[in-house]
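What follows is data30.cif (mmCIF, C-alpha atoms).
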data_run
#
loop_
_atom_site.label_atom_id
_atom_site.label_comp_id
_atom_site.auth_asym_id
_atom_site.auth_seq_id
_atom_site.Cartn_x
_atom_site.Cartn_y
_atom_site.Cartn_z
CA MET A 1 79.49 119.03 64.55
CA GLU A 2 81.52 116.66 66.74
CA LEU A 3 84.75 118.41 65.71
CA LEU A 4 83.27 121.79 66.62
CA GLN A 5 82.17 120.50 70.00
CA ALA A 6 85.63 119.10 70.70
CA VAL A 7 87.26 122.41 69.74
CA LEU A 8 84.88 124.40 71.95
CA PHE A 9 85.45 122.05 74.85
CA GLY A 10 89.22 122.40 74.45
CA LEU A 11 88.97 126.19 74.34
CA LEU A 12 86.83 126.29 77.49
CA VAL A 13 89.16 123.97 79.41
CA GLY A 14 92.20 125.93 78.25
CA GLY A 15 90.58 129.21 79.25
CA MET A 16 89.81 127.84 82.71
CA ILE A 17 93.42 126.69 83.16
CA ILE A 18 94.75 130.09 82.02
CA PHE A 19 92.35 131.84 84.39
CA LEU A 20 93.53 129.73 87.33
CA GLY A 21 97.19 130.29 86.39
CA ILE A 22 96.79 134.07 86.22
CA PHE A 23 94.81 134.07 89.46
CA LEU A 24 97.49 132.11 91.33
CA ARG A 25 100.30 134.12 89.78
CA GLN A 26 98.86 137.48 90.74
CA ARG A 27 98.24 136.23 94.25
CA TYR A 28 101.86 135.29 94.91
CA SER A 29 103.65 137.76 92.61
CA SER A 30 104.13 140.33 95.40
CA VAL A 31 106.21 137.86 97.39
CA ARG A 32 108.39 137.11 94.37
CA ARG A 33 108.87 140.81 93.66
CA ARG A 34 109.98 141.52 97.23
CA LEU A 35 112.52 138.68 97.07
CA GLN A 36 114.17 140.03 93.93
CA PRO A 37 117.67 141.55 94.41
CA ASN A 38 116.66 145.01 93.14
CA PRO A 39 112.96 145.49 93.82
CA ARG A 40 111.22 148.62 92.67
CA LEU A 41 110.55 151.15 95.36
CA ASN A 42 106.91 151.96 95.82
CA THR A 43 106.30 155.10 97.85
CA ASP A 44 102.54 154.74 97.87
CA LEU A 45 101.99 152.22 100.66
CA MET A 46 98.23 152.21 100.20
CA ARG A 47 98.55 151.14 96.58
CA PRO A 48 98.42 147.37 95.97
CA GLN A 49 101.76 145.80 95.11
CA MET A 50 100.15 143.94 92.21
CA ALA A 51 98.73 147.01 90.52
CA GLY A 52 100.76 146.41 87.39
CA GLU A 53 99.10 143.04 86.74
CA PRO A 54 95.46 142.12 86.12
CA VAL A 55 93.47 141.78 89.33
CA PHE A 56 90.24 139.81 89.08
CA LEU A 57 89.06 140.40 92.64
CA SER A 58 89.88 143.37 94.81
CA ALA A 59 91.59 142.81 98.14
CA LYS A 60 88.52 143.97 100.05
CA LEU A 61 86.19 141.67 98.12
CA SER A 62 88.60 138.75 98.57
CA GLU A 63 88.75 139.31 102.32
CA THR A 64 84.96 139.55 102.49
CA LEU A 65 84.51 136.29 100.57
CA GLU A 66 87.12 134.52 102.70
CA LYS A 67 85.35 135.61 105.87
CA LYS A 68 81.90 134.66 104.57
CA LEU A 69 83.10 131.24 103.39
CA ASP A 70 85.30 130.74 106.48
CA LEU A 71 88.42 130.39 104.32
CA THR A 72 90.72 132.56 106.42
CA LYS A 73 93.86 130.89 107.73
CA GLY A 74 92.42 130.69 111.22
CA GLY A 75 89.02 129.34 110.14
CA GLN A 76 87.86 125.80 110.76
CA THR A 77 86.97 125.19 107.11
CA PHE A 78 90.46 126.25 106.02
CA LYS A 79 92.10 124.01 108.61
CA LYS A 80 89.99 120.97 107.70
CA LEU A 81 90.65 121.38 103.99
CA GLN A 82 94.36 121.90 104.61
CA ALA A 83 94.47 118.75 106.77
CA LYS A 84 92.78 116.71 104.05
CA LEU A 85 95.17 118.00 101.38
CA ILE A 86 98.14 117.14 103.60
CA GLN A 87 96.75 113.64 104.13
CA ALA A 88 96.59 113.35 100.34
CA GLY A 89 100.28 114.31 100.11
CA ILE A 90 99.70 117.89 98.89
CA TYR A 91 101.88 120.13 101.05
CA THR A 92 102.06 123.25 98.89
CA GLU A 93 100.23 126.38 99.98
CA ARG A 94 98.71 126.68 96.52
CA GLY A 95 96.79 123.45 97.04
CA ILE A 96 93.81 125.13 98.70
CA PRO A 97 93.23 127.88 96.08
CA LEU A 98 93.85 125.37 93.29
CA PHE A 99 91.35 122.89 94.77
CA LEU A 100 88.73 125.57 95.27
CA GLY A 101 89.46 126.95 91.79
CA VAL A 102 88.86 123.54 90.24
CA LYS A 103 85.55 123.22 92.08
CA LEU A 104 84.46 126.70 91.08
CA GLY A 105 85.65 126.26 87.49
CA GLY A 106 83.80 122.98 87.11
CA LEU A 107 80.72 124.48 88.73
CA LEU A 108 80.67 127.26 86.15
CA VAL A 109 82.07 125.61 83.03
CA LEU A 110 80.32 122.23 82.90
CA PRO A 111 76.68 123.49 82.98
CA ILE A 112 77.45 126.28 80.49
CA LEU A 113 79.20 123.85 78.18
CA VAL A 114 76.32 121.36 78.20
CA LEU A 115 73.73 124.09 77.73
CA PHE A 116 75.70 125.45 74.78
CA ILE A 117 76.06 122.03 73.14
CA LEU A 118 72.48 120.85 73.69
CA TRP A 119 70.78 124.19 73.08
CA GLY A 120 67.90 123.65 70.67
CA ASP A 121 68.14 119.83 70.70
CA ALA A 122 66.44 119.29 74.05
CA SER A 123 63.56 120.72 76.03
CA GLN A 124 64.04 123.45 78.58
CA ARG A 125 63.18 121.10 81.45
CA THR A 126 65.76 118.56 80.30
CA LEU A 127 68.43 121.26 80.04
CA MET A 128 67.68 122.50 83.55
CA VAL A 129 67.85 118.98 84.98
CA ILE A 130 71.15 118.28 83.22
CA ALA A 131 72.62 121.61 84.32
CA PHE A 132 71.54 121.08 87.93
CA SER A 133 72.94 117.54 87.93
CA LEU A 134 76.25 118.74 86.52
CA CYS A 135 76.46 121.46 89.18
CA ILE A 136 76.07 118.84 91.88
CA LEU A 137 78.61 116.57 90.15
CA ALA A 138 81.16 119.39 89.72
CA TYR A 139 80.81 120.36 93.38
CA PHE A 140 81.16 116.88 94.89
CA LEU A 141 83.49 115.21 92.37
CA PRO A 142 86.70 116.94 93.60
CA ASN A 143 85.87 115.91 97.18
CA PHE A 144 85.29 112.33 96.06
CA LEU A 145 88.57 112.22 94.15
CA LEU A 146 90.43 113.75 97.09
CA ASN A 147 89.00 111.15 99.47
CA ARG A 148 90.03 108.41 97.05
CA VAL A 149 93.60 109.73 96.99
CA ILE A 150 93.66 109.90 100.79
CA SER A 151 92.35 106.33 101.14
CA SER A 152 94.87 104.98 98.63
CA ARG A 153 97.75 106.78 100.34
CA GLN A 154 96.73 105.60 103.79
CA GLN A 155 96.44 102.03 102.53
CA LYS A 156 99.98 102.18 101.15
CA ILE A 157 101.23 103.48 104.50
CA ARG A 158 99.48 100.64 106.35
CA GLU A 159 101.07 98.08 104.05
CA ALA A 160 104.56 99.53 104.52
CA LEU A 161 104.31 100.09 108.28
CA PRO A 162 105.30 96.53 109.46
CA ASP A 163 108.44 96.58 107.32
CA ALA A 164 109.33 100.04 108.60
CA LEU A 165 108.88 98.86 112.19
CA ASP A 166 111.15 95.85 111.61
CA LEU A 167 113.85 98.09 110.16
CA LEU A 168 113.50 100.49 113.08
CA VAL A 169 113.91 97.61 115.54
CA VAL A 170 117.06 96.43 113.75
CA CYS A 171 118.56 99.94 113.69
CA VAL A 172 117.76 100.67 117.35
CA GLU A 173 119.08 97.31 118.55
CA ALA A 174 122.25 97.94 116.54
CA GLY A 175 122.93 100.98 118.74
CA GLN A 176 121.55 103.84 116.68
CA GLY A 177 119.43 106.55 118.23
CA LEU A 178 115.80 106.97 117.24
CA ASP A 179 116.51 110.02 115.06
CA ALA A 180 119.31 108.26 113.17
CA ALA A 181 117.18 105.12 112.87
CA ILE A 182 114.28 107.09 111.36
CA LYS A 183 116.64 108.69 108.84
CA ARG A 184 118.19 105.33 107.90
CA VAL A 185 114.81 103.63 107.47
CA ALA A 186 113.59 106.54 105.32
CA GLU A 187 116.62 106.15 103.05
CA ASP A 188 116.23 102.36 102.82
CA MET A 189 112.52 102.54 101.96
CA GLN A 190 112.77 105.00 99.08
CA GLU A 191 112.33 102.23 96.52
CA SER A 192 109.89 99.93 98.29
CA SER A 193 107.60 102.60 99.78
CA PRO A 194 108.22 106.20 98.64
CA ILE A 195 105.27 107.51 100.67
CA MET A 196 106.52 106.09 103.97
CA SER A 197 110.03 107.27 103.14
CA GLN A 198 108.75 110.78 102.48
CA GLU A 199 106.87 110.94 105.78
CA LEU A 200 109.85 109.70 107.79
CA LEU A 201 112.14 112.17 106.03
CA LEU A 202 109.76 114.98 107.00
CA VAL A 203 110.00 113.85 110.63
CA ASN A 204 113.79 113.91 110.40
CA LEU A 205 113.80 117.35 108.78
CA GLU A 206 111.51 118.77 111.46
CA ILE A 207 113.80 117.44 114.19
CA MET A 208 116.87 118.84 112.44
CA ALA A 209 115.09 122.20 112.12
CA GLY A 210 114.80 122.40 115.92
CA LEU A 211 111.34 120.93 116.54
CA GLU A 212 111.02 118.62 119.53
CA ARG A 213 110.90 114.93 118.72
CA GLN A 214 107.57 114.45 120.46
CA GLN A 215 105.96 117.21 118.41
CA ALA A 216 107.50 115.87 115.19
CA LEU A 217 106.08 112.41 115.87
CA LYS A 218 102.70 113.93 116.72
CA ASN A 219 102.76 115.82 113.42
CA LEU A 220 103.51 112.55 111.63
CA GLY A 221 100.32 110.98 112.95
CA GLU A 222 98.24 114.05 112.12
CA ARG A 223 99.65 114.32 108.59
CA THR A 224 98.83 110.75 107.64
CA GLY A 225 95.64 110.09 109.61
CA VAL A 226 96.52 106.36 109.83
CA GLU A 227 95.39 104.91 113.16
CA GLU A 228 98.21 102.38 113.34
CA LEU A 229 100.81 105.08 112.75
CA ILE A 230 99.15 107.39 115.29
CA SER A 231 99.30 104.58 117.85
CA LEU A 232 102.99 104.00 117.07
CA CYS A 233 103.76 107.70 117.48
CA ASN A 234 101.95 107.82 120.82
CA ILE A 235 103.94 104.82 122.07
CA LEU A 236 107.23 106.39 120.98
CA ILE A 237 106.27 109.68 122.66
CA GLN A 238 105.46 107.89 125.91
CA SER A 239 108.69 105.86 125.75
CA ASP A 240 110.71 109.01 125.17
CA ARG A 241 108.90 110.86 127.95
CA PHE A 242 109.22 108.15 130.63
CA GLY A 243 112.60 106.79 129.54
CA THR A 244 111.50 103.22 128.78
CA SER A 245 113.12 100.99 126.17
CA ILE A 246 112.31 102.19 122.67
CA ALA A 247 113.44 98.90 121.11
CA GLN A 248 111.02 96.90 123.25
CA ALA A 249 108.19 99.29 122.41
CA LEU A 250 108.94 98.97 118.69
CA LYS A 251 109.01 95.16 118.96
CA THR A 252 105.67 95.10 120.72
CA GLN A 253 104.11 97.46 118.19
CA SER A 254 105.58 95.45 115.28
CA ASP A 255 104.07 92.21 116.58
CA TYR A 256 100.74 93.94 117.17
CA THR A 257 100.72 95.44 113.67
CA ARG A 258 101.51 92.12 112.00
CA ASN A 259 98.86 90.29 114.02
CA GLU A 260 96.32 92.96 113.17
CA ARG A 261 97.15 92.73 109.47
CA ARG A 262 96.91 88.93 109.62
CA GLN A 263 93.51 89.15 111.28
CA ARG A 264 92.33 91.66 108.71
CA LEU A 265 93.43 89.38 105.87
CA GLU A 266 91.72 86.39 107.51
CA THR A 267 88.53 88.44 107.78
CA LEU A 268 88.71 89.31 104.09
CA ALA A 269 89.36 85.65 103.24
CA ASN A 270 86.30 84.58 105.24
CA GLN A 271 84.18 87.09 103.33
CA THR A 272 85.27 85.68 99.97
CA PRO A 273 82.59 82.91 99.70
CA VAL A 274 79.83 85.41 100.42
CA LYS A 275 81.19 87.84 97.82
CA LEU A 276 81.48 85.05 95.23
CA LEU A 277 77.90 83.85 95.76
CA PHE A 278 76.15 86.38 93.54
CA PRO A 279 78.69 86.21 90.64
CA MET A 280 78.39 82.43 90.70
CA LEU A 281 74.59 82.54 90.62
CA LEU A 282 74.49 85.13 87.85
CA PHE A 283 77.32 84.00 85.56
CA ILE A 284 78.88 80.65 86.44
CA PHE A 285 75.85 78.60 87.47
CA PRO A 286 73.81 79.30 84.27
CA ALA A 287 76.80 78.33 82.11
CA ILE A 288 77.22 75.06 84.04
CA MET A 289 73.53 74.28 83.68
CA VAL A 290 73.71 74.87 79.92
CA VAL A 291 76.72 72.53 79.61
CA ILE A 292 75.12 69.81 81.75
CA LEU A 293 71.52 69.96 80.59
CA GLY A 294 72.15 71.06 77.00
CA PRO A 295 72.84 67.58 75.49
CA ALA A 296 69.96 66.03 77.43
CA ILE A 297 67.52 68.67 76.22
CA ILE A 298 68.69 68.20 72.61
CA LYS A 299 68.20 64.45 72.83
CA LEU A 300 64.76 64.78 74.39
CA THR A 301 63.73 67.21 71.68
CA GLU A 302 64.91 64.83 68.93
CA PHE A 303 63.13 61.88 70.61
CA PHE A 304 59.78 63.63 70.91
CA SER A 305 60.06 65.05 67.39
CA LYS A 306 60.63 61.53 65.96
CA GLY A 307 57.86 60.07 68.05
CA GLY A 308 55.42 62.71 66.77
#

structure tokens encoding of this file:
Amino acid sequence: MELLQAVLFGLLVGGMIIFLGIFLRQRYSSVRRRLQPNPRLNTDLMRPQMAGEPVFLSAKLSETLEKKLDLTKGGQTFKKLQAKLIQAGIYTERGIPLFLGVKLGGLLVLPILVLFILWGDASQRTLMVIAFSLCILAYFLPNFLLNRVISSRQQKIREALPDALDLLVVCVEAGQGLDAAIKRVAEDMQESSPIMSQELLLVNLEIMAGLERQQALKNLGERTGVEELISLCNILIQSDRFGTSIAQALKTQSDYTRNERRQRLETLANQTPVKLLFPMLLFIFPAIMVVILGPAIIKLTEFFSKGG
């Protein structure tokens, strides 16, 4: 029975992955076909370009669902989800349909799977409660995991920011421009902090592509969502706009960042005794009491047993 359940679970998961792959492939296949050196000519302009492949949802139904769910490219829901995926380090355009596909697949597959496995072994009320709970779990679990990835990535950026600032100060004081300094720091931090290196390289690539430096720095703060990095970008934008010394601004921000990190670590250190109180009362203190009072209790028990 357990082997059959494992096989069915594997088949369901594999089917969901195949469904998502075909869905994503048919969505972007028209672009690939147009980029081929010898594309087929299609005289019927009203006919969908993907007519030769399986289409699960018609274009009209897809547009209707996107409008109802506010998932069009100009919608607020689309922009918020895209911003969260970028903060998690997912820059591909397929991230949004893949994320929504995982939520929808889990919302459909998990309750059906549990109902199929437990059918006949549990009451109808229990099955409904389990199915409803799994629907809620499948809907909120991807959001929870995405928030965890964002928090972990932002924490790594905060930890690497003081070192990046020190390297920027050294490069700027050595005579390099800010653009060259950002590129050099990104190359030097590939081993110690790949995430910070990636973000700085994106800034450099945007500037090389023709984007203004101020806009590239603003995009850096929006991509990461780290307050310290947003503050640094604002200071660099103001220094570039008013012509003040960038090296002095970087020094000031570096000192501020290190002091803030030191204060945060001191705060965590001061909270340590309070956090250790309950583990000590529950685990350490009973063991100490057993070690201290154990021999005395044994001797008192022997004494009273002899006296009786």

Is it possible to get the axis-aligned box enclosing region 99-115 of chain A (all listed atoms, 5 Å extra per side) as lines of an AutoDock Vina configuration file, with centre and edge lengths in Å rounded to one decimal?
center_x = 82.5
center_y = 124.3
center_z = 86.5
size_x = 27.6
size_y = 15.9
size_z = 27.5

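For the set A:Gly106, A:Gly89, A:Pro162, A:Pro273, the residue with the smallest atom-to-atom gap to Ala138 (chain A) is A:Gly106, counting only C-alpha atoms.
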
Name every residue that the PyMOL selection byres ((chain A and resi 171-174) around 10) selects in this structure, writing the answer as a CSV table (one decimal) with C-alpha atoms, in the coordinates of the input with chains first and numbers rising.
chain,number,residue,atom,x,y,z
A,165,LEU,CA,108.9,98.9,112.2
A,166,ASP,CA,111.2,95.8,111.6
A,167,LEU,CA,113.8,98.1,110.2
A,168,LEU,CA,113.5,100.5,113.1
A,169,VAL,CA,113.9,97.6,115.5
A,170,VAL,CA,117.1,96.4,113.8
A,175,GLY,CA,122.9,101.0,118.7
A,176,GLN,CA,121.6,103.8,116.7
A,177,GLY,CA,119.4,106.6,118.2
A,178,LEU,CA,115.8,107.0,117.2
A,179,ASP,CA,116.5,110.0,115.1
A,180,ALA,CA,119.3,108.3,113.2
A,181,ALA,CA,117.2,105.1,112.9
A,182,ILE,CA,114.3,107.1,111.4
A,184,ARG,CA,118.2,105.3,107.9
A,185,VAL,CA,114.8,103.6,107.5
A,245,SER,CA,113.1,101.0,126.2
A,246,ILE,CA,112.3,102.2,122.7
A,247,ALA,CA,113.4,98.9,121.1
A,248,GLN,CA,111.0,96.9,123.2
A,250,LEU,CA,108.9,99.0,118.7

| request: For the structure provided, state which residues fall under the PyMOL selection byres ((chain A and resi 139) around 8), and present them as a PyMOL selection string. | output: chain A and resi 103-104+106-107+135-138+140-143

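Residue nearest Phe99 (chain A), chosen from A:Leu81, A:Pro194, A:Arg241, A:Gln87 and counting all atoms listed in the file: A:Leu81.
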
To test your reading of the syntax: which residues would the PyMOL selection byres ((chain A and resi 255) around 12) return for the file shown? Reply as a compact mmCIF listing (two decimals) with C-alpha atoms, keeping the file's coordinate frame.
# COMPACT_ATOMS: atom_id res chain seq x y z
CA LEU A 161 104.31 100.09 108.28
CA PRO A 162 105.30 96.53 109.46
CA ASP A 163 108.44 96.58 107.32
CA LEU A 165 108.88 98.86 112.19
CA ASP A 166 111.15 95.85 111.61
CA VAL A 169 113.91 97.61 115.54
CA LEU A 232 102.99 104.00 117.07
CA GLN A 248 111.02 96.90 123.25
CA ALA A 249 108.19 99.29 122.41
CA LEU A 250 108.94 98.97 118.69
CA LYS A 251 109.01 95.16 118.96
CA THR A 252 105.67 95.10 120.72
CA GLN A 253 104.11 97.46 118.19
CA SER A 254 105.58 95.45 115.28
CA TYR A 256 100.74 93.94 117.17
CA THR A 257 100.72 95.44 113.67
CA ARG A 258 101.51 92.12 112.00
CA ASN A 259 98.86 90.29 114.02
CA GLU A 260 96.32 92.96 113.17
CA ARG A 261 97.15 92.73 109.47
CA ARG A 262 96.91 88.93 109.62

A straight line from CA of Ile96 (chain A) to CA of Asn234 (chain A) spans 29.2 Å

Correct to one decimal, the distance CA of Ser152 (chain A)-CA of Gly101 (chain A) is 23.6 Å

Atom pair CA of Ser151 (chain A) + CA of Ala88 (chain A), distance 8.2 Å

**Request:** Counting only C-alpha atoms, write as a list in words all protein and nucleic acid residues lying at most 12 Å from (98.0, 100.0, 101.4) in the file's frame.
**Result:** Val149, Ile150, Ser151, Ser152, Arg153, Gln154, Gln155, Lys156, Ile157, Arg158, Glu159, Ala160, Leu161, Pro162, Ser193, Ile195, Met196, Val226 and Arg261 of chain A

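Between Cys233 (chain A) and the residues A:Val102, A:Ala209, A:Pro295, A:Gly221, the shortest atom-to-atom distance, using all atoms listed in the file, involves A:Gly221.
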
Q.
Tell me which residues come within 10 Å of (107.2, 112.6, 121.6), as a PyMOL selection string, counting all atoms listed in the file in the file's coordinates.
A. chain A and resi 212-219+233-241
